[in-house]
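**Student:** Okay, here's the structure, questions in a sec.
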Amino acid sequence: MKTFYSVLLCTLITAITYGQEQKKTIKDTTTQTSTKLNEVIVTGNLKTDPVLTVVSNKYDEKIVQPKNVADLFNNINGFSVIKRGNYAIDPSFRGAQYEQLNIQYDGGTKAMHACPNRMDPITTHIIPEEISKIEIIKGPYTVRYGATFGGIINLVTQKPDYEDHGLHGKVSGGYESNGNSLVNLVQLQYIKDKYDIVANAGYRDFGNYEDGDGTEIPSSFRSTDYGLKIGYNFSDDQRLQAHWTQSFGRDVLHAALPMDTEYDDSSIISLDYSLDAIGKTVKSLTAKAYYSYVDHLMTNYNRPSFMMMEAASGVDAITAGGKIEINWKPSEKINVFSGLDALHIARDGNRTRLVKIMNGNALPSPMEFNDKVWQDSYISDLGVYTEAKYSISSKTIFTAGIRYDNVTSDIQDPEDDFAAMYDLEKRTEHNVSGTVSIKNRVSDKFTLEAAYGRGVRSANMIERFINHFTVGQDPYEYIGNPDLEAEVNNQFEIGFKGYEPLKNGFNSFKYETSFYYSFFENYIVGIVDESLTRKFNPMLEPSNPKVFRNLEEAYKTGFEAMAQVDFLDHYFLKTEFSYVYAKNKDLSESLPLTPPFTTRFVMGFEKDKFWANIQYNLTSKQDHISESYGETETDGYQTLDIRLGLKPIKNITLGFAVINALDEAYNNHLNFSFTNQEDFGSTPITEPGRNFSAFLQYKF
């Protein structure tokens with residue numbers, strides 16, 4: 001990593017000097033435009049955008065409620081969420097989750113979780129109200145944004161209005177009835193020609209919610225966040241930007257995990273540089289460096305198990321990385337992006353157990369044990385790539401990319417029993433991934449896209465190094481395997497979208513669909529090993545742990561579809577469908593965490609100062625399950641959501657919503673089950689019942 005940052009620093013210095021020299025020769029003959037950094041990956045440009053992409057709603061414009069993290073993904077077609085409470089929520093896309101998805105924000109910054117139970121995914125370290133949109137690349141169809149297996153999610157934070165100089169800002173606040181939850185956000189920005197400063201701070205206080213049957217679900221949490229973004233423009237085409245954020249989670253209850261979070265503190269700093277209009281062949285250079293640190297403490301102090309054993313686990317995670325990319329055009333029809341990127345993840349921490357009762361008998365003096373959670377492990381990935389776009393015609397773009405990743409992993413403080421299982425030496429893997437695709441704008445009304453991507457993902461730290469910890473949806477202890485082969489996703493996809501103008505009160509008909517098929521190599525799952533026995537609480541069942549292994553035969557297929565009719569100028573009717581079918585042929589069952597078939601019907605009205613919609617959600621029964629993962633069949637359910645927003649006066653926006661208006665009692669198939677909770681059995685956690693919310697924002 002030191003070598004990478006040295007190269008990055010030298011490149012930045014050279015680029016600044018070179019850029020200033022270039023301006024002397026090309027400034028007078030080239031039309032200049034202000035560079036505002038490549039924080040987004042989807043720009044609406046046929047010649048530069050990746051294929052098969054989706055851009056979600058602009059959340060900062062369509063304010064309807066104080067958003068929980070789940071609300072950022074719940075209404076994006078093809079997405080589900082994996083829920084362990086109201087805080088520890090992971091997005092799932094087409095049945096891909098965790099490190100199978102390349103989740104980042106502002107074009108590359110990452111922050112990895114410290115907790116082995118994923119109490120603190122990256123989505124908990126960003127203020128939801130600060131997200132302006134979410135960009136999704138549906139598969140491994142680009143090599144430019146790090147190693148990608150199942151797709152890319154780019155969370156784009158709000159940008160200042162560079163045309164509005166001086167001091168401006170906004171103040172917002174919201175309330176949710178189900179849980180008496182409050183959110184607040186203050187943002188200030190000061191814009192000048194040469195520099196700009198944006199500062200924000202937010203506070204969130206969520207209480208326990210009630211499900212549709214009136215049962216209170218332990219899910220409360222508090223979090224305080226702030227951020228500072230400073231940018232400096234050396235010229236119209238050269239910019240340097242620094243971004244610093246901190247987040248402080250407190251007293252977080254996790255209904256479906258064995259412990260709660262006492263505190264979860266994260267710090268993230270990133271540095272972005274861009275140089276545009278360099279010359280005739282080399283067009284631009286961008287560079288990014290970032291560092292994040294997560295400090296996490298979890299305990300069972302408020303759980304039933306505390307009477308028998310007092311447990312506290314303090315863990316930390318460091319994520320560091322960066323990227324250098326050059327955009328060059330060897331000819332008018334060929335546009336090439338070449339770069340180098342790096343990612344380093346290091347984790348450590350221990351669990352302290354004070355055992356008070358052993359084998360059913362109270363001990364005269366509690367016994368203390370210390371367990372190594374992460375065993376002082378790290379994974380480093382140094383990648384190099386080239387992606388070229390060839391303009392076959394003004395309407396047809398062919399893209400091909402190849403990527404090489406050098407992945408190094410090591411465990412530096414192993415437990416004795418883990419060291420006895422494996423030959424623990426520093427390991428290096430060589431992964432090659434690539435993609436080819438074509439995008440054809442057949443007409444102004446119809447676009448056709450087809451792609452193949454080979455995405456390669458080396459095993460994550462849980463899969464490599466966890467040692468007898470319960471980290472799955474089931475009650476099994478899991479053991480890592482440092483010898484795992486990298487997962488490979490060979491994904492084929494074809495999609496099309498278009499619109500047709502209509503008459504007689506109907507404005508237009510819009511449609512979009514994608515069909516995909518993936519076959520996997522070395523798919524990683526936990527499999528029961530009957531030759532091994534449970535390490536902690538040996539009297540409990542199941543007595544045999546699971547060990548992460550590679551599967552030989554597995555595949556996934558599915559589709560998303562959308563159709564929308566706009567009528568009477570301001571009204572619309574939209575429907576969306578998504579379906580995933582996954583098969584673990586080795587065990588003759590589904591792959592775990594496969595979402596059911598979902599359908600949405602939305603009818604809405606939109607004008608500049610007022611908009612409203614009503615959304616009817618149908619989720620089918622899921623009986624295609626992974627029994628080896630502890631899944632059970634899930635009933636289908638139907639919910640109704642009502643949202644509206646208005647701008648009564650200039651600079652004021654109001655949002656109102658009724659979520660789950662029918663007060664349905666249900667649980668999503670991907671929800672984890674209640675764990676170590678008094679008065680709750682081992683059943684999936686239920687979702688909130690009827691919830692009224694209101695949100696107010698004032699801009700100045």
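Residue names in the structure tokens use chain letters A, B, ... in the order shown, residue numbers from 1 in each chain, and ligand numbers from 1 in the order shown.
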Could you pull out the alpha helix (DSSP H) residues of stretch 451-659 of chain A from DSSP and send them as a list of chain:residue names?

**Tutor:** A:Met461, A:Ile462, A:Glu463, A:Arg464, A:Phe465

**Student:** Quick one: everything within 7 Å of A:Tyr209, counting only C-alpha atoms, minus sequence neighbours fewer than 4 positions away in the same chain. Send it as a ChimeraX atom specification.

**Tutor:** /A:178-179,216-217,219,688

**Student:** Would you write out those residues with N, CA and C atoms, as a short mmCIF file (atom, residue, chain, number, x, y, z; two decimals), in the first residue's frame?

**Tutor:**
```cif
data_model
loop_
_atom_site.label_atom_id
_atom_site.label_comp_id
_atom_site.auth_asym_id
_atom_site.auth_seq_id
_atom_site.Cartn_x
_atom_site.Cartn_y
_atom_site.Cartn_z
N ASN A 178 -44.34 5.37 14.04
CA ASN A 178 -44.07 4.01 14.50
C ASN A 178 -42.66 3.93 15.05
N GLY A 179 -42.54 4.15 16.35
CA GLY A 179 -41.24 4.21 17.00
C GLY A 179 -40.88 5.58 17.52
N GLU A 216 -43.99 -5.16 19.84
CA GLU A 216 -42.86 -4.24 19.81
C GLU A 216 -41.58 -5.00 19.49
N ILE A 217 -40.87 -4.52 18.48
CA ILE A 217 -39.64 -5.17 18.02
C ILE A 217 -38.45 -4.36 18.52
N SER A 219 -35.47 -2.52 18.29
CA SER A 219 -34.81 -2.03 17.08
C SER A 219 -34.34 -0.58 17.20
N PRO A 688 -42.16 -3.32 10.19
CA PRO A 688 -43.02 -2.35 10.87
C PRO A 688 -44.45 -2.39 10.35
#
```

**Student:** Kindly assemble as a tab-separated table a list of the stretch 267-289 of chain A residues that lie within 12 Å of stretch 233-239 of chain A, each paired with its nearest atom pair and their distance in Å to one decimal, using only C-alpha atoms, sorted first by chain and then by ascending residue number.

**Tutor:**
```
residue	atom	partner	partner_atom	distance
A:Leu271	CA	A:Arg239	CA	10.7
A:Asp272	CA	A:Arg239	CA	8.1
A:Tyr273	CA	A:Arg239	CA	5.7
A:Ser274	CA	A:Arg239	CA	5.4
A:Leu275	CA	A:Gln238	CA	4.5
A:Asp276	CA	A:Asp237	CA	4.9
A:Ala277	CA	A:Asp237	CA	6.6
A:Ile278	CA	A:Asp237	CA	8.6
A:Gly279	CA	A:Asp237	CA	11.8
A:Lys283	CA	A:Asp237	CA	10.9
A:Ser284	CA	A:Asp237	CA	9.2
A:Leu285	CA	A:Gln238	CA	9.5
A:Thr286	CA	A:Arg239	CA	9.6
A:Ala287	CA	A:Arg239	CA	10.6
A:Lys288	CA	A:Arg239	CA	11.9
```

**Student:** What would the file look like if the residues just selected were written as a CSV table (one decimal), in the first residue's frame with N, CA, C and O atoms?

**Tutor:**
```
chain,number,residue,atom,x,y,z
A,271,LEU,N,-9.6,11.8,-0.8
A,271,LEU,CA,-9.0,12.9,-1.6
A,271,LEU,C,-9.2,12.6,-3.0
A,271,LEU,O,-8.8,11.5,-3.5
A,272,ASP,N,-9.8,13.5,-3.8
A,272,ASP,CA,-10.1,13.3,-5.2
A,272,ASP,C,-9.4,14.4,-6.0
A,272,ASP,O,-9.4,15.6,-5.6
A,273,TYR,N,-8.8,14.0,-7.2
A,273,TYR,CA,-8.2,14.9,-8.0
A,273,TYR,C,-8.6,14.7,-9.5
A,273,TYR,O,-8.8,13.5,-9.9
A,274,SER,N,-8.8,15.7,-10.2
A,274,SER,CA,-9.2,15.5,-11.7
A,274,SER,C,-8.5,16.6,-12.5
A,274,SER,O,-8.3,17.7,-12.1
A,275,LEU,N,-8.0,16.2,-13.7
A,275,LEU,CA,-7.4,17.0,-14.6
A,275,LEU,C,-8.0,16.7,-16.0
A,275,LEU,O,-7.9,15.6,-16.5
A,276,ASP,N,-8.6,17.7,-16.6
A,276,ASP,CA,-9.3,17.5,-17.9
A,276,ASP,C,-8.6,18.3,-19.0
A,276,ASP,O,-7.8,19.2,-18.7
A,277,ALA,N,-9.0,18.0,-20.2
A,277,ALA,CA,-8.5,18.7,-21.4
A,277,ALA,C,-7.0,18.7,-21.5
A,277,ALA,O,-6.4,19.8,-21.7
A,278,ILE,N,-6.4,17.6,-21.2
A,278,ILE,CA,-4.9,17.6,-21.2
A,278,ILE,C,-4.3,17.8,-22.5
A,278,ILE,O,-3.4,18.6,-22.7
A,279,GLY,N,-4.7,17.0,-23.5
A,279,GLY,CA,-4.1,17.1,-24.8
A,279,GLY,C,-5.0,16.4,-25.9
A,279,GLY,O,-6.1,16.0,-25.6
A,283,LYS,N,-6.8,12.6,-22.7
A,283,LYS,CA,-7.9,13.5,-22.5
A,283,LYS,C,-8.0,14.0,-21.0
A,283,LYS,O,-8.2,15.2,-20.7
A,284,SER,N,-7.9,13.0,-20.1
A,284,SER,CA,-8.1,13.4,-18.7
A,284,SER,C,-7.4,12.4,-17.8
A,284,SER,O,-7.1,11.3,-18.2
A,285,LEU,N,-7.2,12.9,-16.5
A,285,LEU,CA,-6.7,12.0,-15.5
A,285,LEU,C,-7.5,12.2,-14.2
A,285,LEU,O,-7.8,13.4,-13.9
A,286,THR,N,-7.8,11.2,-13.5
A,286,THR,CA,-8.5,11.2,-12.3
A,286,THR,C,-7.7,10.4,-11.3
A,286,THR,O,-7.2,9.3,-11.6
A,287,ALA,N,-7.8,10.8,-10.0
A,287,ALA,CA,-7.1,10.0,-8.9
A,287,ALA,C,-7.9,10.2,-7.7
A,287,ALA,O,-8.5,11.2,-7.4
A,288,LYS,N,-7.9,9.1,-6.9
A,288,LYS,CA,-8.6,9.1,-5.6
A,288,LYS,C,-7.8,8.3,-4.6
A,288,LYS,O,-7.1,7.3,-4.9
```

**Student:** Just checking: using only C-alpha atoms, which residue out of A:Val156, A:Ala612, A:Ala451, A:Val294 ends up closest to A:Gly314?

**Tutor:**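 Of the candidates, the smallest distance to A:Gly314 is held by A:Val294.
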
**Student:** When you count only C-alpha atoms, which of these residues is closest to A:Ser626: A:Lys585, A:Lys229, A:Arg303, A:Arg403?

**Tutor:**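 Checking each of A:Lys585, A:Lys229, A:Arg303, A:Arg403 against A:Ser626, counting only C-alpha atoms, the winner is A:Lys585.
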
**Student:** Using DSSP on the backbone, list every residue of stretch 217-450 of chain A that comes out as strand (DSSP E), and give them as a VMD selection string.

**Tutor:** chain A and resid 217 221 to 235 238 to 252 260 to 275 282 to 299 309 to 331 334 to 358 361 to 372 377 to 393 396 to 411 427 to 443 446 to 450

**Student:** Taking 3 positions as the minimum chain separation for residues in the same chain, which residues sit within 8 Å of stretch 563-573 of chain A when counting only C-alpha atoms? Answer as a VMD selection string.

**Tutor:** chain A and resid 505 to 512 576 601 to 607

**Student:** Within 7 Å of A:Leu52, counting only C-alpha atoms, which residues qualify if same-chain residues fewer than 4 places away don't, as a list in words?

**Tutor:**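 Once the adjacent positions are removed, what remains is Ile137, Lys138 and Glu449 of chain A.
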
**Student:** Within 8 Å of A:Thr533, counting only C-alpha atoms, which residues qualify if same-chain residues fewer than 3 places away don't, as a ChimeraX atom specification?

**Tutor:** /A:530,538,543-545

**Student:** Which neighbours of A:Pro482 fall inside 9 Å, counting only C-alpha atoms, when residues of the same chain fewer than 4 positions from it are skipped, and could you give them as JSON, numbers by chain?

**Tutor:** {"A": [409, 410, 411, 422, 423, 424, 427, 459, 461, 463, 464, 465]}

**Student:** Which residue, A:Ser514, A:Thr557, A:Ser172, A:Ser223, has the smallest gap to A:Ile127 when you use only C-alpha atoms?

**Tutor:**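 Nearest candidate to A:Ile127 out of A:Ser514, A:Thr557, A:Ser172, A:Ser223: A:Ser223.
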
**Student:** At a cut-off of 8 Å, using only C-alpha atoms, what residues contact A:Gly630? Leave out same-chain residues fewer than 3 positions from it and give the result as a list in words.

**Tutor:**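 Skipping anything fewer than 3 positions along the chain leaves Gln473, Asp474, Ser626 and Glu627 of chain A.
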
**Student:** Find the distance between atom CA of A:Met539 and atom CA of A:Phe306 and write it in Å to one decimal.

**Tutor:**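 So the two atoms, atom CA of A:Met539 and atom CA of A:Phe306, lie 17.1 Å apart.
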